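my_file_3.cif, holding mmCIF, C-alpha atoms:
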```cif
data_structure
#
loop_
_atom_site.label_atom_id
_atom_site.label_comp_id
_atom_site.auth_asym_id
_atom_site.auth_seq_id
_atom_site.Cartn_x
_atom_site.Cartn_y
_atom_site.Cartn_z
CA MET K 8 22.33 -6.52 19.94
CA GLU K 9 19.18 -6.99 17.94
CA ILE K 10 17.14 -5.31 20.65
CA LEU K 11 19.56 -2.38 20.69
CA MET K 12 19.09 -1.96 16.92
CA ALA K 13 15.30 -1.97 17.46
CA PHE K 14 15.70 0.99 19.83
CA VAL K 15 17.98 2.85 17.42
CA LYS K 16 15.53 2.34 14.55
CA ALA K 17 12.59 3.44 16.70
CA PHE K 18 14.49 6.57 17.75
CA ALA K 19 15.55 7.46 14.20
CA VAL K 20 12.22 6.89 12.45
CA GLY K 21 10.07 8.37 15.23
CA GLY K 22 12.39 11.37 15.49
CA LEU K 23 12.35 11.91 11.72
CA ILE K 24 8.55 11.90 11.58
CA CYS K 25 8.55 14.57 14.32
CA VAL K 26 11.10 16.59 12.30
CA ILE K 27 8.77 16.43 9.28
CA GLY K 28 6.04 17.82 11.54
CA GLN K 29 8.36 20.58 12.80
CA ILE K 30 9.27 21.52 9.20
CA LEU K 31 5.59 21.67 8.22
CA ILE K 32 5.06 24.11 11.12
CA ASP K 33 8.19 26.26 10.73
CA VAL K 34 8.86 26.25 6.97
CA PHE K 35 5.39 25.80 5.47
CA LYS K 36 3.76 27.84 8.27
CA LEU K 37 1.00 25.33 8.91
CA THR K 38 -0.91 25.49 12.18
CA PRO K 39 -0.39 22.48 14.49
CA ALA K 40 -3.90 21.26 13.58
CA HIS K 41 -3.11 21.37 9.85
CA THR K 42 0.20 19.62 10.51
CA LEU K 43 -1.42 16.76 12.41
CA CYS K 44 -4.15 16.36 9.78
CA SER K 45 -1.53 16.29 6.99
CA LEU K 46 0.45 13.61 8.83
CA VAL K 47 -2.65 11.48 9.42
CA VAL K 48 -3.71 11.71 5.77
CA ALA K 49 -0.12 10.94 4.72
CA GLY K 50 -0.14 7.90 7.02
CA ALA K 51 -3.39 6.66 5.45
CA LEU K 52 -2.00 7.23 1.95
CA LEU K 53 1.27 5.42 2.70
CA SER K 54 -0.79 2.62 4.19
CA ALA K 55 -2.94 2.44 1.04
CA PHE K 56 0.23 1.76 -0.96
CA ASN K 57 1.31 -0.83 1.65
CA ILE K 58 4.33 1.27 2.60
CA TYR K 59 3.40 2.11 6.20
CA PRO K 60 3.19 -1.55 7.35
CA ILE K 61 6.76 -2.01 6.04
CA LEU K 62 7.80 1.00 8.11
CA VAL K 63 6.12 -0.53 11.19
CA ASP K 64 7.97 -3.82 10.61
CA PHE K 65 11.22 -1.89 10.35
CA ALA K 66 10.90 0.67 13.15
CA GLY K 67 8.30 -0.80 15.53
CA ALA K 68 7.20 1.87 18.00
CA GLY K 69 9.07 4.50 15.96
CA ALA K 70 6.33 4.15 13.35
CA THR K 71 3.35 3.35 15.61
CA THR K 72 3.79 6.16 18.16
CA PRO K 73 3.54 9.21 15.82
CA ILE K 74 0.02 10.31 14.86
CA SER K 75 0.57 9.14 11.26
CA SER K 76 0.01 5.60 12.52
CA PHE K 77 -3.57 6.66 13.30
CA GLY K 78 -4.19 7.02 9.55
CA ASN K 79 -2.50 3.68 9.05
CA SER K 80 -4.68 1.87 11.58
CA LEU K 81 -7.87 3.50 10.23
CA LEU K 82 -7.06 2.33 6.71
CA THR K 83 -5.98 -1.13 7.87
CA GLY K 84 -9.28 -1.51 9.73
CA ALA K 85 -11.38 -0.33 6.78
CA CYS K 86 -9.57 -2.69 4.38
CA GLU K 87 -9.94 -5.64 6.74
CA GLY K 88 -13.64 -4.89 7.11
CA ALA K 89 -14.12 -4.63 3.35
CA ARG K 90 -12.25 -7.89 2.80
CA GLU K 91 -14.61 -9.68 5.19
CA ASN K 92 -17.94 -7.94 4.59
CA GLY K 93 -17.67 -6.02 1.32
CA PHE K 94 -18.82 -2.41 1.08
CA TRP K 95 -20.49 -2.24 4.51
CA GLY K 96 -17.33 -3.57 6.08
CA LEU K 97 -15.66 -0.27 5.21
CA PHE K 98 -17.85 1.32 7.88
CA SER K 99 -17.77 -1.41 10.50
CA GLY K 100 -14.01 -1.92 10.15
CA LEU K 101 -12.81 1.70 10.01
CA TYR K 102 -12.29 2.11 13.77
CA LYS K 103 -11.54 -1.51 14.55
CA SER K 104 -7.82 -1.16 15.20
CA ALA K 105 -7.89 2.54 16.13
CA SER K 106 -10.62 2.14 18.75
CA SER K 107 -8.41 1.56 21.79
CA GLY K 108 -6.56 4.84 21.20
CA ILE K 109 -9.72 6.89 20.76
CA ALA K 110 -11.44 5.21 23.71
CA ALA K 111 -8.43 5.76 25.97
CA ALA K 112 -8.14 9.41 24.95
CA VAL K 113 -11.83 10.07 25.67
CA VAL K 114 -11.88 8.25 29.02
CA PHE K 115 -8.61 9.69 30.35
CA ALA K 116 -9.39 13.20 29.10
CA PHE K 117 -12.70 13.07 30.97
CA ALA K 118 -11.02 11.74 34.09
CA ALA K 119 -8.44 14.53 33.95
CA ALA K 120 -11.23 17.12 33.65
CA VAL K 121 -12.84 15.64 36.77
CA PHE K 122 -9.70 15.50 38.92
CA PHE K 123 -7.55 18.43 37.78
CA ARG K 124 -7.99 22.17 37.40
CA PRO K 125 -6.18 24.05 34.61
CA LYS K 126 -3.05 25.89 35.80
CA GLY K 127 -2.35 29.39 34.56
CA MET S 24 -15.45 44.37 -6.51
CA ALA S 25 -13.64 46.59 -4.03
CA LYS S 26 -10.21 47.82 -5.01
CA LYS S 27 -7.47 46.22 -3.00
CA PRO S 28 -6.12 48.75 -0.50
CA GLN S 29 -2.71 50.12 -1.43
CA ILE S 30 -1.32 49.60 2.04
CA ALA S 31 -1.67 45.81 1.97
CA PRO S 32 1.57 44.65 0.27
CA HIS S 33 3.65 47.18 2.18
CA TYR S 34 2.10 46.13 5.46
CA ALA S 35 2.66 42.46 4.69
CA GLN S 36 6.35 43.24 4.08
CA ILE S 37 6.65 45.02 7.44
CA VAL S 38 5.02 42.06 9.20
CA LYS S 39 7.39 39.69 7.42
CA ASP S 40 10.47 41.75 8.34
CA ASN S 41 9.52 42.01 12.00
CA GLU S 42 8.44 38.43 12.47
CA PRO S 43 10.75 36.72 14.94
CA LYS S 44 13.04 34.33 13.04
CA ARG S 45 12.22 30.75 13.86
CA PRO S 46 15.36 28.83 14.78
CA LEU S 47 14.66 25.97 12.37
CA ALA S 48 17.74 23.84 13.04
CA ALA S 49 17.35 24.02 16.84
CA ASN S 50 13.62 23.30 16.62
CA CYS S 51 14.21 20.29 14.38
CA LEU S 52 16.94 18.97 16.67
CA LYS S 53 14.65 19.27 19.71
CA ALA S 54 11.76 17.62 17.84
CA PHE S 55 14.06 14.80 16.72
CA ALA S 56 15.52 14.19 20.17
CA VAL S 57 12.26 14.39 22.14
CA GLY S 58 10.09 12.62 19.56
CA GLY S 59 12.72 9.92 19.09
CA GLY S 60 13.11 9.54 22.85
CA LEU S 61 9.37 9.08 23.27
CA CYS S 62 9.43 6.39 20.58
CA VAL S 63 12.27 4.62 22.44
CA LEU S 64 10.11 4.61 25.58
CA SER S 65 7.25 3.14 23.52
CA GLN S 66 9.60 0.59 22.04
CA ALA S 67 10.67 -0.46 25.54
CA LEU S 68 7.02 -0.99 26.54
CA ARG S 69 6.43 -2.85 23.26
CA GLU S 70 9.39 -5.17 23.89
CA ILE S 71 8.12 -5.92 27.40
CA PHE S 72 4.63 -6.83 26.16
CA LEU S 73 6.00 -8.85 23.23
CA PHE S 74 8.26 -10.69 25.69
CA ARG S 75 5.22 -11.52 27.81
CA GLY S 76 3.63 -13.23 24.81
CA MET S 77 1.34 -10.57 23.34
CA SER S 78 0.95 -10.26 19.57
CA ALA S 79 2.41 -7.14 17.91
CA ASN S 80 -1.06 -5.62 17.46
CA GLU S 81 -2.07 -6.27 21.07
CA ALA S 82 1.21 -4.88 22.38
CA THR S 83 0.79 -1.72 20.26
CA ALA S 84 -2.76 -1.16 21.48
CA VAL S 85 -1.74 -1.62 25.12
CA TYR S 86 1.26 0.70 25.12
CA LEU S 87 -0.68 3.37 23.24
CA VAL S 88 -3.33 3.24 25.98
CA ILE S 89 -0.59 3.52 28.64
CA LEU S 90 1.02 6.50 26.86
CA ILE S 91 -2.35 8.22 26.52
CA GLY S 92 -3.10 7.65 30.21
CA LEU S 93 0.29 9.02 31.27
CA THR S 94 -0.22 12.04 29.00
CA ALA S 95 -3.59 12.79 30.58
CA LEU S 96 -1.93 12.65 34.02
CA VAL S 97 1.01 14.86 33.03
CA THR S 98 -1.33 17.31 31.28
CA GLY S 99 -3.57 17.39 34.33
CA LEU S 100 -0.61 18.25 36.54
CA GLY S 101 0.21 21.11 34.16
CA PHE S 102 3.57 19.90 32.82
CA TYR S 103 2.81 18.75 29.28
CA ASP S 104 2.11 22.17 27.79
CA LYS S 105 5.32 23.59 29.28
CA TRP S 106 7.39 20.73 27.87
CA ALA S 107 5.58 20.89 24.51
CA GLN S 108 6.39 24.57 24.19
CA TRP S 109 10.06 23.63 24.33
CA ALA S 110 9.94 20.43 22.29
CA GLY S 111 7.51 21.62 19.58
CA ALA S 112 6.55 18.85 17.18
CA GLY S 113 8.57 16.37 19.27
CA LEU S 114 5.66 16.25 21.73
CA GLY S 115 2.96 17.35 19.27
CA VAL S 116 3.29 14.69 16.60
CA PRO S 117 3.36 11.51 18.76
CA ILE S 118 0.01 10.11 19.92
CA THR S 119 0.64 11.86 23.25
CA GLY S 120 0.04 15.20 21.51
CA PHE S 121 -3.38 13.95 20.45
CA ALA S 122 -4.15 12.87 24.02
CA ASN S 123 -2.85 16.20 25.33
CA SER S 124 -5.12 18.21 23.03
CA MET S 125 -8.18 16.28 24.20
CA THR S 126 -7.22 16.45 27.87
CA SER S 127 -6.43 20.15 27.88
CA ALA S 128 -9.61 21.00 25.94
CA ALA S 129 -11.67 18.93 28.39
CA MET S 130 -10.01 20.59 31.41
CA GLU S 131 -10.18 24.09 30.01
CA HIS S 132 -13.93 23.93 29.44
CA ARG S 133 -14.75 22.11 32.69
CA SER S 134 -16.10 25.35 34.19
CA GLU S 135 -18.89 25.39 31.56
CA GLY S 136 -20.21 22.11 32.93
CA PHE S 137 -19.66 18.46 32.11
CA VAL S 138 -22.05 18.26 29.15
CA LEU S 139 -21.70 21.67 27.51
CA GLY S 140 -18.10 22.18 28.58
CA VAL S 141 -16.23 18.87 28.71
CA GLY S 142 -18.53 16.92 26.40
CA CYS S 143 -18.90 19.53 23.67
CA ASN S 144 -15.29 20.70 23.65
CA ALA S 145 -13.16 17.60 24.25
CA PHE S 146 -12.85 16.97 20.49
CA LYS S 147 -12.21 20.60 19.63
CA LEU S 148 -8.67 20.00 18.31
CA ALA S 149 -8.58 16.20 18.18
CA GLY S 150 -11.77 16.19 16.10
CA ALA S 151 -9.92 17.57 13.08
CA VAL S 152 -7.49 14.66 13.19
CA ILE S 153 -10.30 12.11 13.53
CA VAL S 154 -12.40 13.68 10.75
CA PHE S 155 -9.58 13.94 8.22
CA GLY S 156 -8.12 10.56 9.15
CA SER S 157 -11.50 8.84 8.89
CA VAL S 158 -12.59 10.46 5.63
CA SER S 159 -9.26 9.94 3.86
CA ALA S 160 -8.90 6.35 5.12
CA PHE S 161 -12.48 5.61 4.10
CA PHE S 162 -11.99 6.82 0.55
CA PHE S 163 -8.56 5.23 0.11
CA ALA S 164 -10.06 1.93 1.31
CA LEU S 165 -13.09 2.42 -0.96
CA ILE S 166 -10.82 2.92 -3.97
CA LYS S 167 -8.80 -0.17 -3.07
CA TRP S 168 -12.02 -2.16 -2.64
CA MET S 169 -13.38 -1.00 -6.02
CA LEU S 170 -10.09 -1.84 -7.72
CA GLY S 171 -10.13 -5.22 -5.99
CA VAL S 172 -6.65 -4.76 -4.51
CA LEU S 173 -7.44 -5.06 -0.79
#
```
Would you mind writing the structure in this file as structure tokens?
Amino acid sequence: MEILMAFVKAFAVGGLICVIGQILIDVFKLTPAHTLCSLVVAGALLSAFNIYPILVDFAGAGATTPISSFGNSLLTGACEGARENGFWGLFSGLYKSASSGIAAAVVFAFAAAVFFRPKG
Amino acid sequence: MAKKPQIAPHYAQIVKDNEPKRPLAANCLKAFAVGGGLCVLSQALREIFLFRGMSANEATAVYLVILIGLTALVTGLGFYDKWAQWAGAGLGVPITGFANSMTSAAMEHRSEGFVLGVGCNAFKLAGAVIVFGSVSAFFFALIKWMLGVL
């Protein structure tokens, strides 16, 4: 039962974040790039006020799958770095928890460019 | 300063009138269903990794890598862009949209060579997200550090 609720929460929160994105595109006429940047900055801002981690606790993958979690993990990393190493830790920590996503995107994008040709 | 041409406001009105109406409700419903569905898939992967004894952070990192890999594959086969056209933000906002933008930029510019094409263009769209995410997170963290509220 608990696991079923986890799926429902993930669906609702993840879906709602996507709806916010769709509204930014359709109602506020933002380009997709502006929409994604807004969501990432919003994620970092919510994380700065310790709201995003609460959302992650509540919705699990519903909060960590949308791109806003990228802002959250960047801020979390920078704060952790600063806690350990002061000012310079802001730099060394920034990509600490976001690194696996960036690394995977670079490696797999390159692999796709090697093995596939664009269609149409 | 040049005088603003008279035609401009009139023309803008014509453009506005003839713009195809965006079906907002349908678009939002699609984004909700597809984006939510993708998050349920992620949640399933997360539950599996948590069950196998990973910490929440490890599990998140691993399933994000899996999603990104799958996206690169599906983009390479030419499906992702077709689906994304239908689902809109439902496939654009999740991390898979980020992976898709890098993969399709890398593939599209492959013909210009690996260094000048793939290397220089892979971050064409994803770069904006990384730049704005990094700069905003840096300054928010800097402010928190200066206020001593880390």
Distance filter 7 Å, all atoms listed in the file, chain K against chain S, as a PyMOL selection string: chain K and resi 14+17-19+21-23+25-26+28-29+33+40+43-44+47-48+51+55+67-69+72-74+78+81-82+85-86+89-90+97+107-108+111-112+115-117+119-120+123-126
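We find CA of Leu52 in chain K and CA of Asn79 in chain K to be spaced 8.0 Å apart.
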Let me have the centre and edge lengths of the axis-aligned box enclosing all listed atoms of range 36-43 of chain S with 5 Å padding on every side, in Å to one decimal, as JSON.
```
{"center_x": 7.9, "center_y": 40.9, "center_z": 9.5, "size_x": 15.7, "size_y": 18.3, "size_z": 20.9}
```
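With CA of Gly84 in chain K on one side and CA of Leu62 in chain K on the other, the separation reads 17.3 Å.
Going from CA of Thr42 in chain K over to CA of Phe98 in chain K, you cover 25.8 Å.
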